$ cat input_32.cif   # mmCIF, C-alpha atoms
data_input
#
loop_
_atom_site.label_atom_id
_atom_site.label_comp_id
_atom_site.auth_asym_id
_atom_site.auth_seq_id
_atom_site.Cartn_x
_atom_site.Cartn_y
_atom_site.Cartn_z
CA MET M 82 30.36 16.98 15.67
CA ASN M 83 34.08 16.54 15.11
CA LYS M 84 35.56 13.81 12.93
CA THR M 85 36.92 11.76 15.85
CA ALA M 86 33.54 11.62 17.55
CA LEU M 87 31.81 10.79 14.25
CA PHE M 88 34.30 7.99 13.54
CA SER M 89 33.91 6.61 17.09
CA LEU M 90 30.13 6.67 16.74
CA LEU M 91 30.41 4.89 13.41
CA ALA M 92 32.71 2.20 14.83
CA VAL M 93 30.47 1.54 17.86
CA SER M 94 27.38 1.46 15.64
CA VAL M 95 28.98 -1.03 13.24
CA LEU M 96 29.92 -3.32 16.13
CA ALA M 97 26.43 -3.12 17.61
CA LEU M 98 24.89 -3.78 14.23
CA SER M 99 27.09 -6.80 13.61
CA ALA M 100 25.80 -8.41 16.79
CA CYS M 101 22.19 -7.87 15.71
CA ASP M 102 22.10 -9.41 12.27
CA PRO M 103 24.39 -12.38 11.63
CA GLN M 104 22.97 -12.75 8.10
CA GLN M 105 24.30 -9.34 6.99
CA SER M 106 27.95 -9.14 5.89
CA ILE M 107 30.38 -6.67 7.49
CA GLY M 108 30.34 -4.60 4.28
CA GLU M 109 26.54 -4.46 4.26
CA GLN M 110 26.53 -3.50 7.93
CA ARG M 111 28.97 -0.65 7.28
CA GLU M 112 26.91 0.59 4.33
CA THR M 113 23.72 0.45 6.40
CA GLU M 114 25.29 2.36 9.28
CA ALA M 115 26.92 4.92 6.99
CA THR M 116 23.55 5.51 5.32
CA LYS M 117 21.88 5.99 8.72
CA LEU M 118 24.56 8.49 9.71
CA LEU M 119 24.09 10.41 6.47
CA GLN M 120 20.32 10.47 7.00
CA ASP M 121 20.87 11.86 10.52
CA ALA M 122 23.27 14.49 9.18
CA ALA M 123 20.80 15.47 6.44
CA SER M 124 17.99 15.76 8.96
CA THR M 125 20.17 17.95 11.19
CA ALA M 126 21.30 20.15 8.28
CA VAL M 127 17.92 20.54 6.60
CA GLY M 128 15.53 20.13 9.52
CA ILE M 129 12.09 18.63 9.73
CA PRO M 130 9.19 20.12 7.73
CA ALA M 131 7.12 22.58 9.77
CA ILE M 132 3.80 20.78 9.38
CA LYS M 133 1.10 22.82 11.12
CA ASN M 134 -2.25 22.01 9.53
CA PHE M 135 -1.89 18.24 8.96
CA THR M 136 -4.06 18.65 5.86
CA GLU M 137 -2.94 15.44 4.13
CA LYS M 138 -3.60 13.38 7.26
CA ARG M 139 -7.02 14.99 7.62
CA GLN M 140 -7.77 14.23 3.94
CA LEU M 141 -6.64 10.62 4.34
CA LYS M 142 -8.89 10.26 7.41
CA MET M 143 -11.80 11.63 5.36
CA LEU M 144 -11.10 9.10 2.59
CA TYR M 145 -10.97 6.20 5.07
CA GLU M 146 -14.30 7.27 6.56
CA LEU M 147 -15.85 7.71 3.11
CA ARG M 148 -14.69 4.25 2.04
CA ASP M 149 -16.26 2.81 5.21
CA GLN M 150 -19.79 3.94 4.24
CA ALA M 151 -21.76 0.81 3.34
CA ASP M 152 -24.16 2.63 1.00
CA LEU M 153 -21.66 4.84 -0.84
CA VAL M 154 -22.94 5.29 -4.42
CA THR M 155 -20.20 5.58 -7.06
CA TYR M 156 -19.88 5.42 -10.84
CA SER M 157 -17.24 3.08 -12.26
CA TYR M 158 -15.55 3.34 -15.63
CA TYR M 159 -12.58 1.85 -17.40
CA VAL M 160 -10.36 3.73 -19.79
CA ASP M 161 -9.53 2.16 -23.16
CA LEU M 162 -6.24 2.56 -25.03
CA TYR M 163 -7.57 5.74 -26.71
CA GLY M 164 -8.52 7.41 -23.42
CA ASN M 165 -12.26 6.82 -23.89
CA LEU M 166 -14.39 6.07 -20.83
CA HIS M 167 -16.66 3.03 -20.69
CA GLU M 168 -19.15 2.28 -17.93
CA ILE M 169 -18.49 -0.88 -15.95
CA CYS M 170 -21.90 -1.03 -14.28
CA PRO M 171 -25.23 -0.49 -16.05
CA SER M 172 -26.21 2.12 -13.44
CA THR M 173 -24.19 2.74 -10.29
CA SER M 174 -21.58 0.97 -8.22
CA VAL M 175 -21.25 0.68 -4.46
CA GLY M 176 -18.05 1.92 -2.82
CA TYR M 177 -14.70 2.08 -4.50
CA GLY M 178 -13.07 -0.70 -6.48
CA MET M 179 -11.25 -3.34 -4.45
CA PRO M 180 -7.88 -4.44 -5.83
CA PHE M 181 -7.97 -8.12 -6.74
CA SER M 182 -4.76 -8.66 -4.77
CA ALA M 183 -6.28 -7.29 -1.53
CA GLN M 184 -6.14 -9.93 1.16
CA PHE M 185 -8.41 -10.74 4.10
CA THR M 186 -5.57 -12.32 6.10
CA ALA M 187 -1.94 -11.32 6.58
CA PRO M 188 0.01 -12.16 3.40
CA GLU M 189 2.99 -13.50 5.36
CA VAL M 190 3.48 -15.13 8.74
CA PRO M 191 6.65 -15.37 10.82
CA VAL M 192 8.34 -18.75 11.07
CA HIS M 193 11.20 -20.03 13.20
CA ILE M 194 13.77 -22.09 11.37
CA GLY M 195 16.11 -24.51 13.09
CA ALA M 196 17.47 -24.76 16.60
CA ASN M 197 19.69 -21.66 16.30
CA GLY M 198 16.66 -19.37 16.61
CA ALA M 199 16.75 -18.11 13.04
CA SER M 200 13.45 -16.72 11.83
CA GLY M 201 11.91 -15.63 8.58
CA GLN M 202 8.61 -15.16 6.80
CA ARG M 203 6.51 -17.49 4.68
CA HIS M 204 3.55 -16.77 2.45
CA GLN M 205 0.15 -17.57 3.90
CA PRO M 206 -2.82 -18.62 1.80
CA GLU M 207 -6.21 -16.99 2.05
CA PRO M 208 -8.97 -18.92 3.92
CA SER M 209 -9.91 -20.38 0.52
CA GLY M 210 -6.46 -21.98 0.28
CA ILE M 211 -5.48 -19.66 -2.60
CA TYR M 212 -2.20 -17.75 -2.50
CA MET M 213 -2.89 -14.21 -3.71
CA PRO M 214 -0.52 -12.39 -6.07
CA ASP M 215 1.64 -9.60 -4.66
CA SER M 216 0.01 -7.18 -7.10
CA THR M 217 -2.27 -7.10 -10.10
CA SER M 218 -4.12 -4.52 -12.18
CA ALA M 219 -7.42 -6.36 -11.75
CA THR M 220 -10.18 -4.83 -9.63
CA TRP M 221 -13.46 -5.98 -8.12
CA VAL M 222 -16.30 -3.48 -8.62
CA ILE M 223 -19.61 -4.02 -6.85
CA CYS M 224 -22.34 -3.00 -9.31
CA LEU M 225 -25.87 -2.29 -8.18
CA GLY M 226 -28.23 -4.31 -10.36
CA GLU M 227 -31.62 -3.09 -11.57
CA ASP M 228 -33.25 -5.34 -8.97
CA GLY M 229 -31.15 -3.72 -6.21
CA GLU M 230 -28.93 -6.77 -5.85
CA LEU M 231 -25.17 -6.37 -5.48
CA GLN M 232 -23.29 -7.73 -8.48
CA PRO M 233 -19.53 -8.20 -7.97
CA THR M 234 -17.79 -7.48 -11.28
CA TYR M 235 -14.20 -8.43 -12.02
CA VAL M 236 -12.44 -5.84 -14.17
CA GLU M 237 -8.97 -6.16 -15.72
CA PRO M 238 -8.43 -2.79 -17.46
CA GLN M 239 -7.67 0.42 -15.60
CA ILE M 240 -10.77 1.87 -13.97
CA ILE M 241 -12.02 5.15 -12.60
CA VAL M 242 -14.51 5.08 -9.72
CA ARG M 243 -16.30 8.34 -8.95
CA LEU M 244 -19.04 9.62 -6.66
CA THR M 245 -20.83 11.21 -9.62
CA PRO M 246 -21.13 10.31 -13.32
CA PHE M 247 -19.08 12.03 -16.00
CA THR M 248 -21.25 14.50 -17.85
CA ASP M 249 -19.61 14.73 -21.29
#

$ encode --input "input_32.cif" --output "structure tokens"
Amino acid sequence: MNKTALFSLLAVSVLALSACDPQQSIGEQRETEATKLLQDAASTAVGIPAIKNFTEKRQLKMLYELRDQADLVTYSYYVDLYGNLHEICPSTSVGYGMPFSAQFTAPEVPVHIGANGASGQRHQPEPSGIYMPDSTSATWVICLGEDGELQPTYVEPQIIVRLTPFTD
């Protein structure tokens, strides 16, 4: 692509972008468009990876299906500051740990502000009325009690959840 065509494309793109987002300054719009053009040029110069086996996607699918098993037996540990493992549950756990900040509902909802049609997002509480944190290191682990009852356990330190116990 010659320089004149590239400059023309940049100018048209900047004008189109300025009509789309009145909140963004002209300088920000130019930077955004220039970055998009560079990304396109990089993609053209380097190309797209020749993915043939889709191994990572297949592995992610397997993990999703594994996590969906209601009776998945796991072993949960936390790691202390010295790297030592400590059991969280007296015997086994069920499934993988659930991050404390996981939410049942959408964390944000769209809102319309004012008569000019401006819109934005606002935080939404959980059904309990509690606003969840964006992130936390805490985890819920479901332990299986000796009586077979499920025992939710709140854990703050880092944890490891496995399908089998450590043997050392």

$ resolve_selection --input "input_32.cif" --expression "the PyMOL selection byres ((chain M and resi 185-187) around 12)" --output "VMD selection string"
chain M and resid 179 to 184 188 to 191 202 to 213 215

$ closest_residue --input "input_32.cif" --among "M:Ala196, M:Leu231, M:Val175, M:Gly226" --to "Leu147 of chain M" --atoms "only C-alpha atoms"
M:Val175

$ closest_residue --input "input_32.cif" --among "M:Met143, M:Ile107, M:Val160, M:Ala199" --to "Glu237 of chain M" --atoms "all atoms listed in the file"
M:Val160

$ closest_residue --input "input_32.cif" --among "M:Lys133, M:Thr173, M:His193, M:Pro246" --to "Cys224 of chain M" --atoms "all atoms listed in the file"
M:Thr173

$ atom_distance --input "input_32.cif" --atom1 "atom CA of Glu137 of chain M" --atom2 "atom CA of Thr116 of chain M"
28.3 Å

$ axis_aligned_box --input "input_32.cif" --around "segment 226-240 of chain M" --padding-each-side "4 Å" --output "JSON"
{"center_x": -20.5, "center_y": -3.3, "center_z": -11.5, "size_x": 33.6, "size_y": 18.3, "size_z": 20.0}

$ atom_distance --input "input_32.cif" --atom1 "atom CA of Thr234 of chain M" --atom2 "atom CA of Tyr159 of chain M"
12.3 Å

$ resolve_selection --input "input_32.cif" --expression "the PyMOL selection byres ((chain M and resi 153) around 12)" --output "list in words"
Leu144, Glu146, Leu147, Arg148, Asp149, Gln150, Ala151, Asp152, Val154, Thr155, Tyr156, Thr173, Ser174, Val175, Gly176, Tyr177, Gly178, Ile223, Cys224, Leu225, Val242, Arg243, Leu244 and Thr245 of chain M

$ write_last_selection --input "input_32.cif" --atoms "C-alpha atoms" --output "PDB file, in the coordinates of the input"
ATOM      1  CA  LEU M 144     -11.100   9.100   2.590  1.00  0.00           C
ATOM      2  CA  GLU M 146     -14.300   7.270   6.560  1.00  0.00           C
ATOM      3  CA  LEU M 147     -15.850   7.710   3.110  1.00  0.00           C
ATOM      4  CA  ARG M 148     -14.690   4.250   2.040  1.00  0.00           C
ATOM      5  CA  ASP M 149     -16.260   2.810   5.210  1.00  0.00           C
ATOM      6  CA  GLN M 150     -19.790   3.940   4.240  1.00  0.00           C
ATOM      7  CA  ALA M 151     -21.760   0.810   3.340  1.00  0.00           C
ATOM      8  CA  ASP M 152     -24.160   2.630   1.000  1.00  0.00           C
ATOM      9  CA  VAL M 154     -22.940   5.290  -4.420  1.00  0.00           C
ATOM     10  CA  THR M 155     -20.200   5.580  -7.060  1.00  0.00           C
ATOM     11  CA  TYR M 156     -19.880   5.420 -10.840  1.00  0.00           C
ATOM     12  CA  THR M 173     -24.190   2.740 -10.290  1.00  0.00           C
ATOM     13  CA  SER M 174     -21.580   0.970  -8.220  1.00  0.00           C
ATOM     14  CA  VAL M 175     -21.250   0.680  -4.460  1.00  0.00           C
ATOM     15  CA  GLY M 176     -18.050   1.920  -2.820  1.00  0.00           C
ATOM     16  CA  TYR M 177     -14.700   2.080  -4.500  1.00  0.00           C
ATOM     17  CA  GLY M 178     -13.070  -0.700  -6.480  1.00  0.00           C
ATOM     18  CA  ILE M 223     -19.610  -4.020  -6.850  1.00  0.00           C
ATOM     19  CA  CYS M 224     -22.340  -3.000  -9.310  1.00  0.00           C
ATOM     20  CA  LEU M 225     -25.870  -2.290  -8.180  1.00  0.00           C
ATOM     21  CA  VAL M 242     -14.510   5.080  -9.720  1.00  0.00           C
ATOM     22  CA  ARG M 243     -16.300   8.340  -8.950  1.00  0.00           C
ATOM     23  CA  LEU M 244     -19.040   9.620  -6.660  1.00  0.00           C
ATOM     24  CA  THR M 245     -20.830  11.210  -9.620  1.00  0.00           C
TER      25      THR M 245
END

$ atom_distance --input "input_32.cif" --atom1 "atom CA of Thr220 of chain M" --atom2 "atom CA of Glu168 of chain M"
14.1 Å

$ residues_near_point --input "input_32.cif" --point "(-14.8, -7.1, -9.7)" --cutoff "6 Å" --atoms "all atoms listed in the file" --output "PyMOL selection string"
chain M and resi 220-222+233-236

$ write_last_selection --input "input_32.cif" --atoms "C-alpha atoms" --output "short mmCIF file (atom, residue, chain, number, x, y, z; two decimals), in the frame of the given file"
data_model
loop_
_atom_site.label_atom_id
_atom_site.label_comp_id
_atom_site.auth_asym_id
_atom_site.auth_seq_id
_atom_site.Cartn_x
_atom_site.Cartn_y
_atom_site.Cartn_z
CA THR M 220 -10.18 -4.83 -9.63
CA TRP M 221 -13.46 -5.98 -8.12
CA VAL M 222 -16.30 -3.48 -8.62
CA PRO M 233 -19.53 -8.20 -7.97
CA THR M 234 -17.79 -7.48 -11.28
CA TYR M 235 -14.20 -8.43 -12.02
CA VAL M 236 -12.44 -5.84 -14.17
#

$ decode --input "input_32.cif" --residues "segment 197-219 of chain M" --atoms "N, CA and C atoms" --output "compact mmCIF listing (two decimals), in the first residue's frame"
# COMPACT_ATOMS: atom_id res chain seq x y z
N ASN M 197 -29.46 13.01 26.09
CA ASN M 197 -28.63 12.98 24.88
C ASN M 197 -28.28 11.57 24.43
N GLY M 198 -28.79 10.56 25.11
CA GLY M 198 -28.55 9.19 24.71
C GLY M 198 -27.25 8.59 25.19
N ALA M 199 -26.55 9.30 26.06
CA ALA M 199 -25.29 8.77 26.59
C ALA M 199 -25.58 7.51 27.40
N SER M 200 -24.65 6.58 27.37
CA SER M 200 -24.83 5.35 28.13
C SER M 200 -23.54 5.00 28.85
N GLY M 201 -23.66 4.10 29.78
CA GLY M 201 -22.52 3.66 30.55
C GLY M 201 -22.83 2.35 31.24
N GLN M 202 -22.06 2.04 32.25
CA GLN M 202 -22.24 0.80 33.00
C GLN M 202 -22.32 1.15 34.48
N ARG M 203 -23.06 0.36 35.24
CA ARG M 203 -23.04 0.52 36.69
C ARG M 203 -22.93 -0.86 37.31
N HIS M 204 -22.33 -0.91 38.48
CA HIS M 204 -22.19 -2.18 39.19
C HIS M 204 -23.56 -2.68 39.60
N GLN M 205 -23.70 -3.99 39.62
CA GLN M 205 -24.96 -4.62 40.00
C GLN M 205 -24.69 -5.53 41.19
N PRO M 206 -25.51 -5.45 42.22
CA PRO M 206 -25.30 -6.34 43.37
C PRO M 206 -25.74 -7.76 43.04
N GLU M 207 -25.27 -8.68 43.83
CA GLU M 207 -25.73 -10.06 43.74
C GLU M 207 -27.17 -10.13 44.27
N PRO M 208 -27.88 -11.25 44.06
CA PRO M 208 -29.25 -11.37 44.59
C PRO M 208 -29.33 -11.13 46.10
N SER M 209 -28.22 -11.34 46.81
CA SER M 209 -28.20 -11.11 48.25
C SER M 209 -28.12 -9.62 48.59
N GLY M 210 -27.90 -8.78 47.59
CA GLY M 210 -27.74 -7.35 47.82
C GLY M 210 -26.29 -6.95 48.04
N ILE M 211 -25.37 -7.92 48.03
CA ILE M 211 -23.94 -7.67 48.25
C ILE M 211 -23.27 -7.36 46.92
N TYR M 212 -22.41 -6.35 46.92
CA TYR M 212 -21.59 -6.05 45.76
C TYR M 212 -20.29 -6.83 45.92
N MET M 213 -20.00 -7.69 44.95
CA MET M 213 -18.80 -8.53 45.03
C MET M 213 -17.56 -7.74 44.63
N PRO M 214 -16.40 -8.13 45.17
CA PRO M 214 -15.16 -7.46 44.76
C PRO M 214 -14.80 -7.86 43.33
N ASP M 215 -14.01 -7.02 42.66
CA ASP M 215 -13.57 -7.36 41.31
C ASP M 215 -12.67 -8.58 41.31
N SER M 216 -11.86 -8.73 42.36
CA SER M 216 -11.00 -9.90 42.47
C SER M 216 -10.62 -10.09 43.93
N THR M 217 -10.21 -11.31 44.24
CA THR M 217 -9.76 -11.64 45.58
C THR M 217 -8.98 -12.95 45.50
N SER M 218 -8.15 -13.22 46.49
CA SER M 218 -7.42 -14.49 46.50
C SER M 218 -8.19 -15.57 47.24
N ALA M 219 -9.32 -15.21 47.82
CA ALA M 219 -10.11 -16.19 48.58
C ALA M 219 -10.80 -17.18 47.64
